[in-house]
Structures are given as C-alpha cells and as structure tokens.
Amino acid sequence: MTDFRDLVGSDLDPEELERLERVDRLLRSVPAPPSEIPDSLDRAVHRIGTERRIWTSRRVALAVALAATLAAVFFSVGRWTGGSSSLDYKVLVPLASGLIRIAESDRTTGNQELKLRVSGLPKLSGGDYYVLWLAKAGKYAGTCGTFNVGSGTTTVDMTVSYRLQDYDAWVISRHEENSPWLLSARIS
C-alpha cells in the first residue's frame, strides 16, 4: 500500500497536510463495495424504461374531450335552468346578416350568377336603396347591383362579369358615395 506522504508530497502547509490525512483516513475506513449486486437493485435497473406512462397523448386527448363535453353540458344546464334575467332591456338592436351564393362562371360570356340573401337591414324610405359592391384595398371598386328590402329576408338575383379574384371583399352599403359599409365579407 502506498504511503499518504508519497502521494501528496512534502511541500504542503502543515494544516493542509493534516486536513488531507484526516480525509484519507475517512476514505480508507469505508468498507469495500459488495462483490455482487443485490437482486433488488438489479431488478430496479432492469425495470427502467419498461414502465408505462400515465399520461399518453391518447389519454390527454380523451381528458380534453371529456372536459370540453362537461363544460358544454354544465353551461347548457345553467343556461336552461337559470330562469329569466333580472335585467330590463330598454333597446333591442337587430343585426343584419347576408349570404351570397355564386354560380360557376359561364364559359362563353364570363358572367356569374349571384343570389344574395339578406336579413336585418332596415327598409329604406323614398328612392333610397342598397348596393352590393366589390371592394379592393378598403375602397369601393365595382358595383354588382342594387336592391331594396322588405320585412324578413330578401333574396335578389344578380349577374356580374368581374373576375372575383381581383377583389378582396364583398360590401353592402346604402347607395350614397362613400357611405359606410353595413355588411362585408372577405373574398376567399
């Protein structure tokens, strides 16, 4: 066995030498490791990587779906059983909506049939009317036709010859120049 002083040399300060000797004695007093690995440790090492995870992606998806379903059910039950509101509403504001059906382009003329359905727009008085526009970059760019509305839903057939991909929005407004947009939808 090698002597401690042969390992560290003789040029150390006495306090440092004493501290290192104490550490050396402690290390030499520890018993040697066992010659065989205990079975319990061997089994534990072999199980690493074979245990199943609790939260697999499928279980996470099922948990999210269950949570969404429960939220919808509780919201619906609360909504149905909540009774009438204690608020007394003074004003009702009807909102307008619209739908444009676009037929295939006629190959010989390039025209396209449109069917516009709108509801919720107020009936205009006198000679006032609405206009269906095509817009580009936030500005009126081409008119598709004019119409009036009655009560309920109004359906209007129109024909346009524009290349719709040259525009970015459908717009409904009153007929005045630069009148505000009442309804709009992006052209996709």
# chains A, B, ... in the order shown; residues from 1 in each chain; ligands from 1
call {"tool": "residues_around", "arguments": {"residues": "segment 87-103 of chain A", "least_positions_apart": "3", "cutoff": "12 Å", "atoms": "only C-alpha atoms", "output": "PyMOL selection string"}}
result
chain A and resi 83-84+106-107+110-123+132-133+144+149+151-161+164+169-173+181-187
call {"tool": "select_by_dssp", "arguments": {"residues": "segment 27-147 of chain A", "states": "strand (DSSP E)", "output": "ChimeraX atom specification"}}
result
/A:97-102,112-119,130-136,139-147
call {"tool": "select_by_dssp", "arguments": {"residues": "segment 50-138 of chain A", "states": "alpha helix (DSSP H)", "output": "PyMOL selection string"}}
result
chain A and resi 57-81
call {"tool": "closest_residue", "arguments": {"among": "A:Val60, A:Ala72, A:Val45, A:Val23", "to": "Phe4 of chain A", "atoms": "only C-alpha atoms"}}
result
A:Val23
call {"tool": "atom_distance", "arguments": {"atom1": "atom CA of Leu27 of chain A", "atom2": "atom CA of Ala44 of chain A"}}
result
28.0 Å
call {"tool": "atom_distance", "arguments": {"atom1": "atom CA of Thr143 of chain A", "atom2": "atom CA of Arg174 of chain A"}}
result
12.0 Å
